[in-house]
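Q: What follows is final24.txt, made up of compact mmCIF, C-alpha atoms:
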# COMPACT_ATOMS: atom_id res chain seq x y z
CA MET A 19 -66.13 113.66 -19.43
CA THR A 20 -64.81 113.38 -22.97
CA ILE A 21 -61.64 111.94 -24.42
CA SER A 22 -58.87 114.45 -24.97
CA PRO A 23 -57.79 114.99 -28.60
CA GLU A 24 -54.34 113.83 -27.58
CA VAL A 25 -55.71 110.36 -26.69
CA HIS A 26 -57.36 110.04 -30.11
CA ARG A 27 -54.20 111.22 -31.81
CA ARG A 28 -52.00 108.74 -29.93
CA PHE A 29 -54.27 105.85 -30.82
CA ARG A 30 -54.34 106.78 -34.51
CA VAL A 31 -50.55 107.17 -34.64
CA ALA A 32 -50.02 103.83 -32.85
CA ALA A 33 -52.47 102.01 -35.14
CA ALA A 34 -50.75 103.28 -38.29
CA SER A 35 -47.19 102.84 -37.06
CA GLN A 36 -47.82 99.25 -35.96
CA ASP A 37 -48.96 98.44 -39.49
CA LEU A 38 -52.42 97.40 -38.32
CA LEU A 39 -54.42 99.25 -40.96
CA ASP A 40 -55.72 98.19 -44.35
CA VAL A 41 -56.34 101.83 -45.20
CA ALA A 42 -55.25 105.10 -43.57
CA TYR A 43 -57.18 108.17 -44.69
CA ASP A 44 -57.47 111.86 -44.01
CA LEU A 45 -59.43 114.89 -45.16
CA ILE A 46 -57.59 117.93 -46.51
CA ASP A 47 -58.51 121.36 -47.80
CA THR A 48 -57.25 122.43 -51.23
CA PRO A 49 -58.01 125.18 -53.75
CA VAL A 50 -60.40 122.72 -55.48
CA GLY A 51 -62.23 121.98 -52.23
CA SER A 52 -62.04 119.37 -49.54
CA LEU A 53 -60.51 116.03 -50.53
CA LEU A 54 -60.48 112.61 -48.94
CA ILE A 55 -57.08 110.99 -49.46
CA ALA A 56 -56.40 107.35 -48.60
CA GLY A 57 -53.46 104.99 -48.66
CA SER A 58 -53.26 101.19 -48.48
CA ARG A 59 -50.13 99.25 -47.57
CA ARG A 60 -49.12 99.45 -51.23
CA GLY A 61 -49.59 103.14 -51.78
CA LEU A 62 -52.07 105.92 -52.49
CA CYS A 63 -55.38 104.23 -53.28
CA ARG A 64 -58.04 106.96 -53.30
CA ILE A 65 -58.59 110.67 -53.81
CA GLU A 66 -62.22 111.68 -53.52
CA PHE A 67 -63.75 115.08 -54.31
CA ASP A 68 -66.61 116.26 -52.08
CA PRO A 69 -65.98 113.56 -49.48
CA GLU A 70 -68.93 111.84 -47.88
CA PRO A 71 -67.18 109.73 -45.26
CA ASN A 72 -69.88 107.06 -44.87
CA PRO A 73 -70.13 105.75 -48.43
CA ASP A 74 -66.46 106.53 -49.09
CA LEU A 75 -65.28 104.45 -46.13
CA GLU A 76 -67.61 101.59 -47.07
CA GLY A 77 -66.12 101.58 -50.54
CA LEU A 78 -62.57 101.53 -49.19
CA ALA A 79 -63.44 98.71 -46.78
CA ARG A 80 -64.89 96.62 -49.61
CA ALA A 81 -61.88 97.15 -51.83
CA PHE A 82 -59.03 96.91 -49.31
CA GLY A 83 -60.32 95.49 -46.01
CA ALA A 84 -62.35 96.73 -43.03
CA LYS A 85 -59.46 98.17 -41.01
CA VAL A 86 -60.00 101.69 -42.32
CA LEU A 87 -58.99 104.48 -39.93
CA ARG A 88 -58.37 108.20 -40.13
CA ALA A 89 -54.62 108.46 -39.52
CA PRO A 90 -53.43 111.92 -40.53
CA GLY A 91 -49.68 111.63 -39.99
CA HIS A 92 -49.47 108.56 -42.17
CA LEU A 93 -50.40 110.52 -45.28
CA ASP A 94 -48.02 113.44 -44.81
CA PRO A 95 -46.03 112.76 -48.01
CA VAL A 96 -49.25 112.78 -50.07
CA LYS A 97 -50.44 115.97 -48.41
CA GLN A 98 -47.11 117.67 -48.92
CA GLN A 99 -46.89 116.81 -52.60
CA LEU A 100 -50.47 117.93 -53.23
CA GLU A 101 -49.77 121.24 -51.49
CA GLU A 102 -46.69 121.75 -53.64
CA TYR A 103 -48.71 120.90 -56.74
CA PHE A 104 -51.40 123.44 -55.88
CA ARG A 105 -48.75 126.11 -55.22
CA GLY A 106 -47.44 125.43 -58.73
CA GLU A 107 -44.15 124.07 -57.37
CA ARG A 108 -44.57 120.45 -58.41
CA SER A 109 -45.22 119.07 -61.88
CA GLU A 110 -44.83 115.35 -61.12
CA PHE A 111 -45.94 113.22 -58.22
CA ASP A 112 -43.48 110.83 -56.71
CA LEU A 113 -45.86 108.50 -54.88
CA PRO A 114 -46.57 104.77 -55.08
CA VAL A 115 -50.14 104.23 -56.30
CA ASP A 116 -52.18 101.13 -55.49
CA LEU A 117 -54.37 100.08 -58.42
CA THR A 118 -54.83 96.46 -57.28
CA PRO A 119 -58.65 96.49 -57.33
CA LEU A 120 -58.46 97.34 -61.05
CA GLN A 121 -57.63 94.88 -63.76
CA GLY A 122 -57.27 94.56 -67.49
CA PHE A 123 -58.18 97.47 -69.71
CA GLY A 124 -58.87 99.93 -66.87
CA ARG A 125 -55.50 99.39 -65.35
CA ARG A 126 -53.76 99.57 -68.70
CA VAL A 127 -55.43 102.89 -69.53
CA LEU A 128 -54.52 104.39 -66.13
CA THR A 129 -50.92 103.32 -66.62
CA GLU A 130 -50.89 105.15 -69.97
CA LEU A 131 -52.63 108.13 -68.35
CA ALA A 132 -49.84 108.44 -65.80
CA ARG A 133 -47.46 109.29 -68.68
CA VAL A 134 -49.39 112.34 -69.92
CA PRO A 135 -47.10 115.24 -68.97
CA TYR A 136 -47.96 118.25 -66.80
CA GLY A 137 -49.21 121.24 -68.72
CA THR A 138 -50.35 119.23 -71.77
CA VAL A 139 -53.62 117.61 -72.81
CA THR A 140 -54.46 114.48 -74.75
CA THR A 141 -57.72 113.01 -76.08
CA TYR A 142 -59.82 110.00 -75.19
CA GLY A 143 -59.09 108.57 -78.65
CA ALA A 144 -55.33 109.02 -78.34
CA LEU A 145 -55.33 107.27 -74.97
CA ALA A 146 -57.39 104.42 -76.47
CA ARG A 147 -54.80 104.04 -79.23
CA GLN A 148 -51.97 103.99 -76.69
CA ALA A 149 -53.78 101.23 -74.81
CA GLU A 150 -54.00 99.34 -78.14
CA ARG A 151 -57.79 99.57 -78.31
CA PRO A 152 -58.19 102.36 -80.90
CA LYS A 153 -61.99 102.08 -81.01
CA ALA A 154 -62.44 102.27 -77.25
CA ALA A 155 -62.51 106.07 -76.75
CA ARG A 156 -65.85 105.83 -74.97
CA ALA A 157 -64.58 103.09 -72.65
CA VAL A 158 -61.57 105.30 -71.88
CA GLY A 159 -64.08 107.97 -70.80
CA THR A 160 -65.62 105.51 -68.37
CA VAL A 161 -62.21 104.61 -66.95
CA MET A 162 -61.42 108.33 -66.49
CA ASN A 163 -64.73 108.83 -64.72
CA ARG A 164 -63.89 106.07 -62.25
CA ASN A 165 -60.24 107.03 -61.78
CA PRO A 166 -59.59 106.20 -58.10
CA VAL A 167 -56.81 108.79 -57.72
CA PRO A 168 -57.67 111.90 -59.77
CA ILE A 169 -55.13 114.78 -59.82
CA VAL A 170 -52.24 112.34 -59.17
CA LEU A 171 -53.33 110.23 -62.15
CA PRO A 172 -54.16 113.20 -64.36
CA CYS A 173 -57.52 112.40 -65.98
CA HIS A 174 -58.11 116.18 -66.09
CA ARG A 175 -55.58 116.23 -68.97
CA VAL A 176 -57.85 114.13 -71.18
CA ILE A 177 -60.28 116.11 -73.36
CA GLY A 178 -62.51 115.58 -76.39
CA SER A 179 -61.10 115.46 -79.93
CA THR A 180 -62.81 118.78 -80.75
CA GLY A 181 -61.06 120.50 -77.86
CA LYS A 182 -64.09 120.47 -75.57
CA LEU A 183 -63.33 119.60 -71.97
CA VAL A 184 -66.22 117.06 -72.03
CA GLY A 185 -66.59 115.83 -68.43
CA TYR A 186 -64.87 115.25 -65.13
CA GLY A 187 -65.68 113.06 -62.14
CA GLY A 188 -65.13 116.01 -59.81
CA GLY A 189 -67.14 118.45 -61.97
CA ILE A 190 -66.06 120.36 -65.08
CA GLU A 191 -65.11 123.52 -63.12
CA ARG A 192 -62.42 121.59 -61.32
CA LYS A 193 -61.06 120.17 -64.56
CA GLU A 194 -60.80 123.72 -65.85
CA ALA A 195 -59.16 124.94 -62.64
CA LEU A 196 -56.53 122.18 -62.74
CA LEU A 197 -55.71 122.82 -66.40
CA ARG A 198 -55.42 126.56 -65.70
CA LEU A 199 -53.11 125.87 -62.78
CA GLU A 200 -50.90 123.81 -65.08
CA GLY A 201 -50.95 126.49 -67.77
CA ALA A 202 -52.65 124.19 -70.33
CA LEU A 203 -55.61 126.56 -70.49
CA THR A 204 -55.43 130.31 -70.58
CA MET B 27 -83.25 85.29 -36.31
CA MET B 28 -79.67 85.61 -37.47
CA VAL B 29 -78.97 88.41 -39.88
CA ASP B 30 -75.58 88.60 -41.47
CA VAL B 31 -74.36 92.05 -40.52
CA GLN B 32 -71.39 93.39 -42.42
CA ILE B 33 -68.36 94.48 -40.48
CA PRO B 34 -68.25 98.29 -40.64
CA PRO B 35 -65.09 100.22 -41.52
CA PHE B 36 -63.05 100.40 -38.29
CA GLU B 37 -63.37 104.20 -38.17
CA ARG B 38 -67.14 103.87 -37.79
CA PHE B 39 -66.79 101.25 -35.07
CA TYR B 40 -64.24 103.44 -33.24
CA ASP B 41 -66.35 106.54 -33.58
CA ALA B 42 -69.45 104.75 -32.28
CA HIS B 43 -67.86 103.24 -29.17
CA CYS B 44 -64.77 105.23 -28.15
CA GLU B 45 -66.54 107.57 -25.71
CA GLU B 46 -68.38 104.91 -23.77
CA VAL B 47 -65.39 102.57 -23.65
CA HIS B 48 -63.21 105.36 -22.31
CA ALA B 49 -65.82 106.22 -19.68
CA PHE B 50 -66.10 102.55 -18.73
CA LEU B 51 -62.31 102.26 -18.29
CA ALA B 52 -62.21 105.48 -16.27
CA ARG B 53 -64.80 103.99 -13.90
CA ARG B 54 -62.89 100.72 -13.57
CA LEU B 55 -59.35 102.08 -13.36
CA GLY B 56 -59.55 105.77 -12.57
CA ARG B 57 -58.83 108.66 -14.85
CA ASP B 58 -55.03 108.26 -14.75
CA GLN B 59 -54.95 104.71 -16.04
CA ALA B 60 -57.85 105.06 -18.43
CA ASP B 61 -55.98 106.66 -21.33
CA ASP B 62 -53.39 103.89 -21.65
CA ALA B 63 -55.99 101.18 -21.20
CA PHE B 64 -58.14 102.86 -23.86
CA GLN B 65 -55.34 102.75 -26.40
CA GLU B 66 -54.58 99.14 -25.56
CA THR B 67 -58.26 98.18 -25.90
CA PHE B 68 -58.64 99.61 -29.39
CA LEU B 69 -55.27 98.29 -30.56
CA ARG B 70 -56.35 94.80 -29.45
CA ALA B 71 -59.68 95.31 -31.20
CA LEU B 72 -57.87 96.37 -34.37
CA ARG B 73 -55.62 93.30 -34.27
CA ALA B 74 -58.63 91.01 -33.95
CA TYR B 75 -60.88 92.94 -36.33
CA ALA B 76 -60.01 91.06 -39.51
CA SER B 77 -60.93 87.74 -37.92
CA LEU B 78 -64.47 88.83 -37.02
CA GLU B 79 -67.01 86.91 -39.03
CA HIS B 80 -69.81 89.46 -38.90
CA GLY B 81 -70.64 92.86 -37.48
CA GLN B 82 -73.09 91.71 -34.82
CA ALA B 83 -72.71 92.61 -31.15
CA LEU B 84 -69.58 94.69 -31.74
CA ARG B 85 -70.36 96.82 -28.73
CA ALA B 86 -70.43 93.82 -26.39
CA TRP B 87 -67.30 92.54 -28.09
CA VAL B 88 -65.30 95.71 -27.41
CA TYR B 89 -66.52 95.74 -23.80
CA THR B 90 -65.14 92.24 -23.26
CA ILE B 91 -61.80 93.45 -24.62
CA ALA B 92 -61.89 96.55 -22.40
CA ALA B 93 -62.81 94.44 -19.37
CA ARG B 94 -59.84 92.17 -20.01
CA VAL B 95 -57.50 95.12 -20.45
CA ALA B 96 -58.76 96.47 -17.10
CA VAL B 97 -58.07 93.12 -15.41
CA ASP B 98 -54.56 93.03 -16.89
CA SER B 99 -53.91 96.57 -15.79
CA HIS B 100 -55.07 95.83 -12.22
CA ARG B 101 -52.87 92.78 -12.08
CA ARG B 102 -49.84 94.70 -13.35
CA GLN B 103 -50.35 97.38 -10.73
CA ARG B 104 -50.69 94.79 -8.00
CA ASN B 105 -47.50 93.08 -9.13
CA GLU B 106 -45.59 96.32 -9.27
CA GLY B 107 -46.63 97.05 -5.71
CA GLN B 108 -45.23 93.78 -4.41
CA LEU B 109 -41.59 92.92 -3.93
CA GLU B 110 -41.96 89.21 -3.22
CA GLU B 111 -42.65 86.85 -6.06
CA THR B 112 -46.31 86.27 -6.79
CA PRO B 113 -47.46 82.67 -6.84
CA VAL B 114 -48.01 81.27 -10.31
CA GLU B 115 -51.65 80.71 -10.99
CA ASP B 116 -52.13 77.22 -12.27
CA ALA B 117 -55.78 77.56 -13.22
CA ARG B 118 -57.04 79.66 -16.08
CA PRO B 119 -58.60 82.88 -14.81
CA ALA B 120 -62.39 82.88 -14.58
CA TYR B 121 -62.93 84.98 -17.70
CA ALA B 122 -60.78 82.73 -19.88
CA GLU B 123 -62.63 79.65 -18.65
CA LEU B 124 -65.98 81.27 -19.27
CA GLU B 125 -65.15 82.60 -22.70
CA TYR B 126 -64.31 79.07 -23.68
CA LEU B 127 -67.45 77.55 -22.18
CA ALA B 128 -69.73 80.24 -23.51
CA GLN B 129 -68.44 80.07 -27.08
CA GLU B 130 -71.59 78.51 -28.47
CA LEU B 131 -74.13 80.77 -26.80
CA PRO B 132 -75.96 83.39 -28.86
CA HIS B 133 -73.97 86.68 -28.91
CA THR B 134 -76.00 88.59 -26.38
CA GLU B 135 -76.16 85.79 -23.85
CA ARG B 136 -72.53 85.02 -24.32
CA ALA B 137 -71.46 88.62 -23.70
CA ALA B 138 -73.77 88.90 -20.69
CA VAL B 139 -72.46 85.68 -19.11
CA VAL B 140 -68.81 86.53 -19.75
CA LEU B 141 -69.10 90.11 -18.52
CA ARG B 142 -71.11 89.15 -15.43
CA TYR B 143 -69.36 86.01 -14.24
CA GLY B 144 -65.97 86.41 -15.91
CA TYR B 145 -65.38 90.09 -15.23
CA ASP B 146 -67.80 90.71 -12.40
CA LEU B 147 -69.41 93.71 -14.08
CA PRO B 148 -72.65 95.04 -12.59
CA TYR B 149 -75.76 94.53 -14.73
CA GLY B 150 -76.03 98.25 -15.38
CA GLU B 151 -72.64 98.21 -17.16
CA ILE B 152 -73.54 95.06 -19.05
CA GLY B 153 -76.78 96.66 -20.15
CA SER B 154 -74.87 99.58 -21.64
CA ALA B 155 -72.42 97.18 -23.31
CA LEU B 156 -75.31 95.36 -24.93
CA GLY B 157 -77.21 98.51 -25.77
CA SER B 158 -80.11 97.41 -23.60
CA SER B 159 -81.42 97.86 -20.07
CA GLU B 160 -80.09 96.53 -16.80
CA GLU B 161 -83.09 94.20 -16.65
CA ALA B 162 -82.49 92.85 -20.16
CA ALA B 163 -78.84 92.20 -19.25
CA ARG B 164 -79.92 90.28 -16.17
CA GLN B 165 -82.27 88.18 -18.27
CA ALA B 166 -79.65 87.52 -20.95
CA ALA B 167 -77.14 86.37 -18.35
CA SER B 168 -79.60 84.09 -16.61
CA SER B 169 -80.91 82.52 -19.81
CA GLY B 170 -77.28 82.05 -20.90
CA VAL B 171 -76.50 80.25 -17.67
CA ARG B 172 -79.62 78.07 -18.04
CA ARG B 173 -78.57 77.17 -21.55
CA LEU B 174 -75.09 76.24 -20.37
CA ARG B 175 -76.53 74.07 -17.59
CA ARG B 176 -78.81 72.28 -20.07
CA ARG B 177 -75.85 71.63 -22.35
CA ARG B 178 -73.80 70.18 -19.53
CA ALA B 179 -76.70 67.93 -18.56
CA GLU B 180 -77.01 66.59 -22.09
What is this structure when it is put down as structure tokens?
A:
Amino acid sequence: MTISPEVHRRFRVAAASQDLLDVAYDLIDTPVGSLLIAGSRRGLCRIEFDPEPNPDLEGLARAFGAKVLRAPGHLDPVKQQLEEYFRGERSEFDLPVDLTPLQGFGRRVLTELARVPYGTVTTYGALARQAERPKAARAVGTVMNRNPVPIVLPCHRVIGSTGKLVGYGGGIERKEALLRLEGALT
Amino acid sequence: MMVDVQIPPFERFYDAHCEEVHAFLARRLGRDQADDAFQETFLRALRAYASLEHGQALRAWVYTIAARVAVDSHRRQRNEGQLEETPVEDARPAYAELEYLAQELPHTERAAVVLRYGYDLPYGEIGSALGSSEEAARQAASSGVRRLRRRRAE
């Protein structure tokens, strides 16, 4: 005797709609593979390539609280905007993002990153200058690598000063695929 | 030995215990009532989850919640079936009294005592709540009771 999917669904909907969760998450399929997406009470707080639920959920619990539950319906706006983005119908995300676990330089750099327009690229050095730490290109690289919400905060648009793509938290092929989708690479 | 066990993400806790809690409620209440009681159990668990101090004995913990939900559900059904007013109970129900008394017992003994004497569960059920055997549940309940007696004598 097992629980019907409807019973699971009802519980997950009730938990999210009664505002009982620290984090609601879901798994979605996209052209760049499966993604884990997660939202806190403040907004989108995580996008993870190649999800591995156990360590990912532990990380979310440490950062935002232990009440972490898969609650699909709750993330519909995120899902919808990502789908539009991958269809090439959306060039800007209109979503609140929760960067509260980040402070100082990291947060500053991600705020600057959010302004890099669709279809363009910038460099680690340029981003460092915008964050008023012109010598910190390498530290900007580290911040990009730990970007909690890739794609929505577009670290794929940041490349080396010689034009090389350099690296990407989700793997260089994905960086290339995203830039191609946006028409920044041909 | 007390080991500080971290509280797991709720999803992991839910995934680990949902099947057995649902089966337990179906046995206590019947299939029809079990689905609602199941939802209520895990919503109550979620509300209390942030105030847990460690991740020990979570299985016994969720069984005590489920047992209480089952009692509430029985009582509601009984009340719905009656037209005359039910007398107000002036004493705390047995499980509430016991939960209070048993607060200082070690987790396993506490859960065994509360589930046995507060909710009248058979030892087989308590064993599965504690992740141990029927015999181990019986021993935990009786050593819990002995400990309570000693405390009262002090």
Q: Just the residues within 12 Å of Gln129 in chain B, please, counting all atoms listed in the file, with nothing from its chain fewer than 4 positions along; format it as JSON, numbers by chain.
A: {"B": [121, 122, 123, 124, 125, 133, 134, 135, 136, 137, 139, 140, 170, 173, 174]}
Q: Enumerate as a list in words the residues belonging to chain B that approach chain A to within 6 Å, with only C-alpha atoms taken into account.
A: Pro35, Phe36, Glu37 and Gln65 of chain B
Q: Set the distance at 10 Å and use all atoms listed in the file: which residues neighbour range 151-165 of chain B once local chain neighbours fewer than 6 positions away are removed? I'd like the list as a tab-separated table (two decimals) with C-alpha atoms, in the coordinates of the input.
A:
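File written: part-v9.tsv
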chain	number	residue	atom	x	y	z
B	43	HIS	CA	-67.86	103.24	-29.17
B	46	GLU	CA	-68.38	104.91	-23.77
B	47	VAL	CA	-65.39	102.57	-23.65
B	50	PHE	CA	-66.10	102.55	-18.73
B	83	ALA	CA	-72.71	92.61	-31.15
B	84	LEU	CA	-69.58	94.69	-31.74
B	85	ARG	CA	-70.36	96.82	-28.73
B	86	ALA	CA	-70.43	93.82	-26.39
B	87	TRP	CA	-67.30	92.54	-28.09
B	88	VAL	CA	-65.30	95.71	-27.41
B	89	TYR	CA	-66.52	95.74	-23.80
B	90	THR	CA	-65.14	92.24	-23.26
B	133	HIS	CA	-73.97	86.68	-28.91
B	134	THR	CA	-76.00	88.59	-26.38
B	135	GLU	CA	-76.16	85.79	-23.85
B	137	ALA	CA	-71.46	88.62	-23.70
B	138	ALA	CA	-73.77	88.90	-20.69
B	139	VAL	CA	-72.46	85.68	-19.11
B	140	VAL	CA	-68.81	86.53	-19.75
B	141	LEU	CA	-69.10	90.11	-18.52
B	142	ARG	CA	-71.11	89.15	-15.43
B	171	VAL	CA	-76.50	80.25	-17.67
Q: Do you have the CA of Leu51 in chain B-CA of Leu72 in chain B distance handy?
A: 17.7 Å
Q: What does the distance between CA of Ala34 in chain A and CA of Arg70 in chain B come to in Å, to one decimal place?
A: 13.5 Å
Q: Given the point (-58.0, 115.3, -72.9) in the file's coordinates, find the residues that have an atom at most 12 Å from it, counting all atoms listed in the file, and give them as a ChimeraX atom specification.
A: /A:131,134-135,137-146,155,158-159,162,172-186,193-194,197,202-203
Q: Which residues, written as a list of chain:residue names, have at least one atom at most 8 Å from range 198-200 of chain A, with all atoms listed in the file counted and residues fewer than 5 positions away on the same chain left out?
A: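 Near range 198-200 of chain A, the qualifying residues are A:Phe104, A:Gly106, A:Tyr136, A:Gly137.
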Q: Rounded to one decimal, what separation in Å do you get between CA of Arg27 in chain A and CA of Val95 in chain B?
A: 20.0 Å
Q: I'd like to know which of B:His80, B:Arg94, B:Arg54, B:Arg101 is closest to Pro34 in chain B, using only C-alpha atoms.
A: B:His80
Q: Return the single residue from A:Ala81, A:Leu100, A:Val31, A:Leu196 that is closest to Cys63 in chain A, with distances computed using all atoms listed in the file.
A: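 Closest residue, counting all atoms listed in the file: A:Ala81.
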Q: Could you pull the residues within 10 Å of Phe123 in chain A, counting all atoms listed in the file, minus those fewer than 5 positions along the same chain, as a ChimeraX atom specification?
A: /A:128-129,146,149-151,154,157-158,161
Q: If you keep C-alpha atoms, can you produce a file of those selected residues as a PDB file, in the coordinates of the input?
A:
ATOM      1  CA  LEU A 128     -54.520 104.390 -66.130  1.00  0.00           C
ATOM      2  CA  THR A 129     -50.920 103.320 -66.620  1.00  0.00           C
ATOM      3  CA  ALA A 146     -57.390 104.420 -76.470  1.00  0.00           C
ATOM      4  CA  ALA A 149     -53.780 101.230 -74.810  1.00  0.00           C
ATOM      5  CA  GLU A 150     -54.000  99.340 -78.140  1.00  0.00           C
ATOM      6  CA  ARG A 151     -57.790  99.570 -78.310  1.00  0.00           C
ATOM      7  CA  ALA A 154     -62.440 102.270 -77.250  1.00  0.00           C
ATOM      8  CA  ALA A 157     -64.580 103.090 -72.650  1.00  0.00           C
ATOM      9  CA  VAL A 158     -61.570 105.300 -71.880  1.00  0.00           C
ATOM     10  CA  VAL A 161     -62.210 104.610 -66.950  1.00  0.00           C
TER      11      VAL A 161
END
Q: List every protein, DNA or RNA residue that has an atom no more than 12 Å from (-76.2, 72.6, -24.4) in the file's coordinate frame, counting all atoms listed in the file, and report them as a list in words.
A: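 Selection result: Leu127, Ala128, Gln129, Glu130, Leu131, Pro132, Ser169, Gly170, Val171, Arg172, Arg173, Leu174, Arg175, Arg176, Arg177, Arg178, Ala179 and Glu180 of chain B.
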Q: Output C-alpha atoms of each residue in that selection to a file, as a tab-separated table (two decimals), in the coordinates of the input.
A:
chain	number	residue	atom	x	y	z
B	127	LEU	CA	-67.45	77.55	-22.18
B	128	ALA	CA	-69.73	80.24	-23.51
B	129	GLN	CA	-68.44	80.07	-27.08
B	130	GLU	CA	-71.59	78.51	-28.47
B	131	LEU	CA	-74.13	80.77	-26.80
B	132	PRO	CA	-75.96	83.39	-28.86
B	169	SER	CA	-80.91	82.52	-19.81
B	170	GLY	CA	-77.28	82.05	-20.90
B	171	VAL	CA	-76.50	80.25	-17.67
B	172	ARG	CA	-79.62	78.07	-18.04
B	173	ARG	CA	-78.57	77.17	-21.55
B	174	LEU	CA	-75.09	76.24	-20.37
B	175	ARG	CA	-76.53	74.07	-17.59
B	176	ARG	CA	-78.81	72.28	-20.07
B	177	ARG	CA	-75.85	71.63	-22.35
B	178	ARG	CA	-73.80	70.18	-19.53
B	179	ALA	CA	-76.70	67.93	-18.56
B	180	GLU	CA	-77.01	66.59	-22.09
